[in-house]
Every structure is written in structure tokens, then in C-alpha cells.
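The structure under discussion appears below in the form of C-alpha cells.
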Amino acid sequence: MGLSVLIVDDNSGLAYFTAYSLKQELAGLTVLTAASCREARSLAGNQQPSLLIVDLELPDGNGLDLVSDLKSQFPAMIPILITATPLSVDVHKDLFGVLIKPYDPEILIDLVSRALELGDSQNESPVEKHTTEEEVASPNQCDFHHVQNRLSGLLAGIRALRLELQAVADDPSEVRRTVDEYSDRLSTMVKEASEALKRRN
């Protein structure tokens, strides 16, 4: 069985763009996506992923609990956590990497590549994109997690758009189709982030 990655995130746009970028950058990699803990457990049971990329907040559970559950079944699986808020350092010991939304997609690609090359190592330091106190909005200002989700999706989408345009550059009709498709997806994310920012208590 070849190398495989399971992405667990209820933000379908972010999961789609991340999966596309990983498949383009890492040849031969199988990428699966799940929108919930339940779906992730089912896919993992069938595929036994080499690496797990999981959001902290999921519709039916917690990403850390999912990591613990799947690691008990598949000890060699490498976990990477995505979160909208920094976590205490003691949580990091069970993770290969931690990324704070919104993160640079290049950082995730590099982290996945290194994880698959090195294998699961308890001595590997987590990779984390830090945010400052000023960058973290308080809950009564907006739905912070929702905004961070959409911003991460935008960053991943822009990167995926660049990769796909490079692949179809010689075909004008495919370029137009790609631009139209991505414009709709990315515009939706912008609108969702904007609406979340407007919601205040």
C-alpha cells in the first residue's frame, strides 16, 4: 500500500484545495478527505493513512480526540493538527506538527513532505505558525474560527489555482474554465468570511 494522507476538515473548500495541492506536489500520494470524525474513522479503517491532517474543531468531536483514537489503531500514522487558536505546549508532544490558521500553504506542503520522509518521530519538534495576542479576535467580536477557516481556504485556493493554471496554460478554454470555477469558490469564501466579521454581539 502506497503513502496516503487523510484530511479531516468540515471546510470543504479548504479540504479540496489542500488535497489538490498535495497531489500536485507529492507524486504518487493518495489523498482522502473527510468532513467529520465519523467519516474519518470509516475512511481510516479502510485506507490506514500514513498521515493525518485534522482540524481541531469538527462538527461531531475534537481533532485531538480523533488523533488519539486513530493513533491507538494505527501507531505509525503521523498526525498534524490545524487550529485557529494556539494550544498549550504539552499538547504538542503527541503531534508531528501544529499549524495556526490562516497558514501559508507552502508551510503545510513542506511539513507533509518532511513527515512522510522522516516517518513518525517523537523527537521531531512541531512546526507552528505563531499568532500574536493582537491578531486573535475575541469571541464577542466575530466568529473567529469561521473567519480563520475561510482565510485558510483562500490561501490554499490561490495556491491551487496557480498550480492548475500552470497545468492547463496551453489550453485557453481550460484556462477560462479554471478561472471561472476558482473565482466562484474563492468569492464564496470571501463572502463567508465577510459575513462572519459583520456578526457582532
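Just so we're on the same page: first chain in the C-alpha cells is A, next is B, and so on; residues restart at 1 for each chain, and ligands are numbered from 1 in the order they show up.
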
List as an mmCIF file with N, CA and C atoms, in the first residue's frame the protein and nucleic acid residues near segment 22-39 of chain A, meaning an atom at most 8 Å away when only C-alpha atoms are counted, but skip any in the same chain fewer than 2 places from it.
```
data_model
loop_
_atom_site.group_PDB
_atom_site.id
_atom_site.type_symbol
_atom_site.label_atom_id
_atom_site.label_comp_id
_atom_site.auth_asym_id
_atom_site.auth_seq_id
_atom_site.Cartn_x
_atom_site.Cartn_y
_atom_site.Cartn_z
ATOM 1 N N GLY A 2 0.585 2.226 -0.893
ATOM 2 C CA GLY A 2 1.395 3.421 -1.007
ATOM 3 C C GLY A 2 1.091 4.425 0.092
ATOM 4 N N LEU A 3 1.795 5.545 0.049
ATOM 5 C CA LEU A 3 1.589 6.591 1.031
ATOM 6 C C LEU A 3 0.237 7.272 0.807
ATOM 7 N N SER A 4 -0.428 7.581 1.906
ATOM 8 C CA SER A 4 -1.729 8.234 1.807
ATOM 9 C C SER A 4 -1.889 9.248 2.929
ATOM 10 N N VAL A 5 -2.679 10.276 2.645
ATOM 11 C CA VAL A 5 -2.960 11.336 3.603
ATOM 12 C C VAL A 5 -4.471 11.450 3.762
ATOM 13 N N LEU A 6 -4.917 11.576 4.995
ATOM 14 C CA LEU A 6 -6.329 11.810 5.284
ATOM 15 C C LEU A 6 -6.470 13.215 5.848
ATOM 16 N N ILE A 7 -7.234 14.066 5.156
ATOM 17 C CA ILE A 7 -7.514 15.430 5.603
ATOM 18 C C ILE A 7 -8.896 15.448 6.220
ATOM 19 N N VAL A 8 -8.980 15.906 7.460
ATOM 20 C CA VAL A 8 -10.274 15.960 8.148
ATOM 21 C C VAL A 8 -10.591 17.413 8.481
ATOM 22 N N ASP A 9 -11.555 17.979 7.758
ATOM 23 C CA ASP A 9 -11.922 19.385 7.948
ATOM 24 C C ASP A 9 -13.325 19.584 7.399
ATOM 25 N N ASP A 10 -14.190 20.247 8.170
ATOM 26 C CA ASP A 10 -15.551 20.481 7.692
ATOM 27 C C ASP A 10 -15.631 21.651 6.719
ATOM 28 N N ASN A 11 -14.522 22.355 6.511
ATOM 29 C CA ASN A 11 -14.447 23.394 5.486
ATOM 30 C C ASN A 11 -14.118 22.698 4.172
ATOM 31 N N SER A 12 -15.135 22.415 3.376
ATOM 32 C CA SER A 12 -14.940 21.622 2.165
ATOM 33 C C SER A 12 -14.010 22.292 1.168
ATOM 34 N N ALA A 15 -10.396 21.810 2.384
ATOM 35 C CA ALA A 15 -10.003 20.414 2.204
ATOM 36 C C ALA A 15 -9.740 20.109 0.729
ATOM 37 N N TYR A 16 -10.596 20.627 -0.143
ATOM 38 C CA TYR A 16 -10.441 20.382 -1.579
ATOM 39 C C TYR A 16 -9.135 20.980 -2.098
ATOM 40 N N THR A 18 -6.461 21.918 -0.430
ATOM 41 C CA THR A 18 -5.299 21.295 0.193
ATOM 42 C C THR A 18 -5.009 19.945 -0.452
ATOM 43 N N ALA A 19 -6.063 19.170 -0.686
ATOM 44 C CA ALA A 19 -5.894 17.866 -1.328
ATOM 45 C C ALA A 19 -5.307 18.024 -2.726
ATOM 46 N N TYR A 20 -5.805 18.997 -3.471
ATOM 47 C CA TYR A 20 -5.300 19.218 -4.826
ATOM 48 C C TYR A 20 -3.810 19.576 -4.805
ATOM 49 N N ARG A 41 -13.022 8.149 10.730
ATOM 50 C CA ARG A 41 -12.792 6.807 11.283
ATOM 51 C C ARG A 41 -13.103 5.727 10.247
ATOM 52 N N SER A 42 -14.156 5.935 9.486
ATOM 53 C CA SER A 42 -14.530 4.962 8.455
ATOM 54 C C SER A 42 -13.472 4.882 7.361
ATOM 55 N N LEU A 43 -13.029 6.046 6.872
ATOM 56 C CA LEU A 43 -12.010 6.068 5.822
ATOM 57 C C LEU A 43 -10.686 5.506 6.321
ATOM 58 N N LEU A 58 -14.321 20.083 14.975
ATOM 59 C CA LEU A 58 -15.084 19.348 13.974
ATOM 60 C C LEU A 58 -16.547 19.265 14.414
ATOM 61 N N PRO A 59 -17.456 19.040 13.480
ATOM 62 C CA PRO A 59 -18.889 19.063 13.823
ATOM 63 C C PRO A 59 -19.288 18.046 14.874
ATOM 64 N N ASP A 60 -18.603 16.908 14.907
ATOM 65 C CA ASP A 60 -19.007 15.842 15.827
ATOM 66 C C ASP A 60 -17.898 15.435 16.805
ATOM 67 N N GLY A 61 -16.963 16.339 17.051
ATOM 68 C CA GLY A 61 -15.914 15.990 18.002
ATOM 69 C C GLY A 61 -14.719 16.912 17.950
ATOM 70 N N ASN A 62 -13.672 16.478 18.624
ATOM 71 C CA ASN A 62 -12.449 17.258 18.772
ATOM 72 C C ASN A 62 -11.316 16.580 18.008
ATOM 73 N N GLY A 63 -10.528 17.381 17.283
ATOM 74 C CA GLY A 63 -9.451 16.829 16.485
ATOM 75 C C GLY A 63 -8.408 16.081 17.295
ATOM 76 N N LEU A 66 -9.686 12.687 18.067
ATOM 77 C CA LEU A 66 -9.610 11.850 16.867
ATOM 78 C C LEU A 66 -8.194 11.347 16.647
ATOM 79 N N ILE A 109 2.679 22.059 2.906
ATOM 80 C CA ILE A 109 3.260 21.144 1.923
ATOM 81 C C ILE A 109 4.632 20.662 2.396
ATOM 82 N N SER A 113 5.669 16.843 3.463
ATOM 83 C CA SER A 113 6.782 16.209 2.766
ATOM 84 C C SER A 113 7.817 15.682 3.757
ATOM 85 N N LEU A 163 -1.308 26.404 -9.427
ATOM 86 C CA LEU A 163 -0.852 25.099 -9.918
ATOM 87 C C LEU A 163 -1.683 24.610 -11.094
#
```

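Within 7 Å of segment 81-89 of chain A, once only C-alpha atoms are used and residues closer than 4 positions along the same chain are dropped, the contacting residues are Ile53, Val54, Asp55, Leu56, Gly97, Val98, Leu99, Ile100, Lys101, His145 and Gln148 of chain A.
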
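Among the candidates A:Asp104, A:Asp69, A:Glu57, A:Asp94, the one nearest to Ala156 of chain A when counting only C-alpha atoms is A:Asp104.
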
Item to complete: Apply DSSP to the backbone of this structure and, from segment 5-140 of chain A, keep only the residues in alpha helix (DSSP H); write these as a PyMOL selection string.
Response: chain A and resi 12-25+37-47+63-73+105-118

Mind writing the picked residues with C-alpha atoms as a CSV table (one decimal), in the first residue's frame?
```csv
chain,number,residue,atom,x,y,z
A,12,SER,CA,-14.9,21.6,2.2
A,13,GLY,CA,-13.2,24.3,0.2
A,14,LEU,CA,-10.0,24.2,2.3
A,15,ALA,CA,-10.0,20.4,2.2
A,16,TYR,CA,-10.4,20.4,-1.6
A,17,PHE,CA,-7.7,22.9,-2.3
A,18,THR,CA,-5.3,21.3,0.2
A,19,ALA,CA,-5.9,17.9,-1.3
A,20,TYR,CA,-5.3,19.2,-4.8
A,21,SER,CA,-2.0,20.9,-3.9
A,22,LEU,CA,-0.7,17.8,-2.1
A,23,LYS,CA,-1.5,15.6,-5.1
A,24,GLN,CA,0.2,18.0,-7.4
A,25,GLU,CA,3.3,18.5,-5.3
A,37,CYS,CA,-14.8,12.4,13.0
A,38,ARG,CA,-17.2,9.6,12.0
A,39,GLU,CA,-16.3,9.8,8.3
A,40,ALA,CA,-12.6,10.0,9.2
A,41,ARG,CA,-12.8,6.8,11.3
A,42,SER,CA,-14.5,5.0,8.5
A,43,LEU,CA,-12.0,6.1,5.8
A,44,ALA,CA,-9.1,5.4,8.1
A,45,GLY,CA,-10.3,1.9,8.8
A,46,ASN,CA,-10.3,1.1,5.0
A,47,GLN,CA,-7.2,3.1,4.0
A,63,GLY,CA,-9.5,16.8,16.5
A,64,LEU,CA,-7.1,15.9,19.4
A,65,ASP,CA,-9.5,13.1,20.4
A,66,LEU,CA,-9.6,11.9,16.9
A,67,VAL,CA,-5.8,11.8,16.7
A,68,SER,CA,-5.7,9.8,19.9
A,69,ASP,CA,-8.3,7.4,18.7
A,70,LEU,CA,-6.7,6.8,15.3
A,71,LYS,CA,-3.1,6.6,16.7
A,72,SER,CA,-4.2,3.8,19.0
A,73,GLN,CA,-5.4,1.8,16.0
A,105,PRO,CA,0.0,26.5,2.2
A,106,GLU,CA,3.7,26.2,1.4
A,107,ILE,CA,4.4,25.5,5.1
A,108,LEU,CA,1.9,22.7,5.1
A,109,ILE,CA,3.3,21.1,1.9
A,110,ASP,CA,6.8,21.2,3.4
A,111,LEU,CA,5.6,19.8,6.7
A,112,VAL,CA,3.8,16.9,5.0
A,113,SER,CA,6.8,16.2,2.8
A,114,ARG,CA,9.2,16.1,5.7
A,115,ALA,CA,6.8,14.0,7.8
A,116,LEU,CA,6.4,11.4,5.0
A,117,GLU,CA,10.2,11.3,4.6
A,118,LEU,CA,11.1,11.1,8.2
```

Fill in: Between atom CA of Gly157 of chain A and atom CA of Ile80 of chain A, distance in Å (one decimal)
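Interatomic distance here is 19.8 Å.
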
Discussion item. At a cut-off of 12 Å, using only C-alpha atoms, what residues contact segment 179-182 of chain A? Leave out same-chain residues fewer than 2 positions from it and give the result as JSON, numbers by chain.
Written reply: {"A": [13, 16, 17, 153, 154, 156, 157, 158, 159, 160, 161, 162, 163, 164, 165, 166, 168, 169, 172, 173, 174, 175, 176, 177, 184, 185, 186, 187, 188, 189]}

Discussion item. I need the residues in segment 29-103 of chain A that are strand (DSSP E or B) according to DSSP; give them as a ChimeraX atom specification.
Written reply: /A:30-34,51-55,57-58,61-62,78-83,97-100

Worksheet entry | Pick from A:Phe74, A:Ser183, A:Asp170, A:Pro79 nearest to Leu51 of chain A, counting only C-alpha atoms |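 That would be A:Pro79, the residue with the smallest distance to Leu51 of chain A.
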
Worksheet item: Any idea what the distance is between atom CA of Ser50 of chain A and atom CA of Lys93 of chain A?
Response: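 Atom CA of Lys93 of chain A lies at a distance of 18.5 Å from atom CA of Ser50 of chain A.
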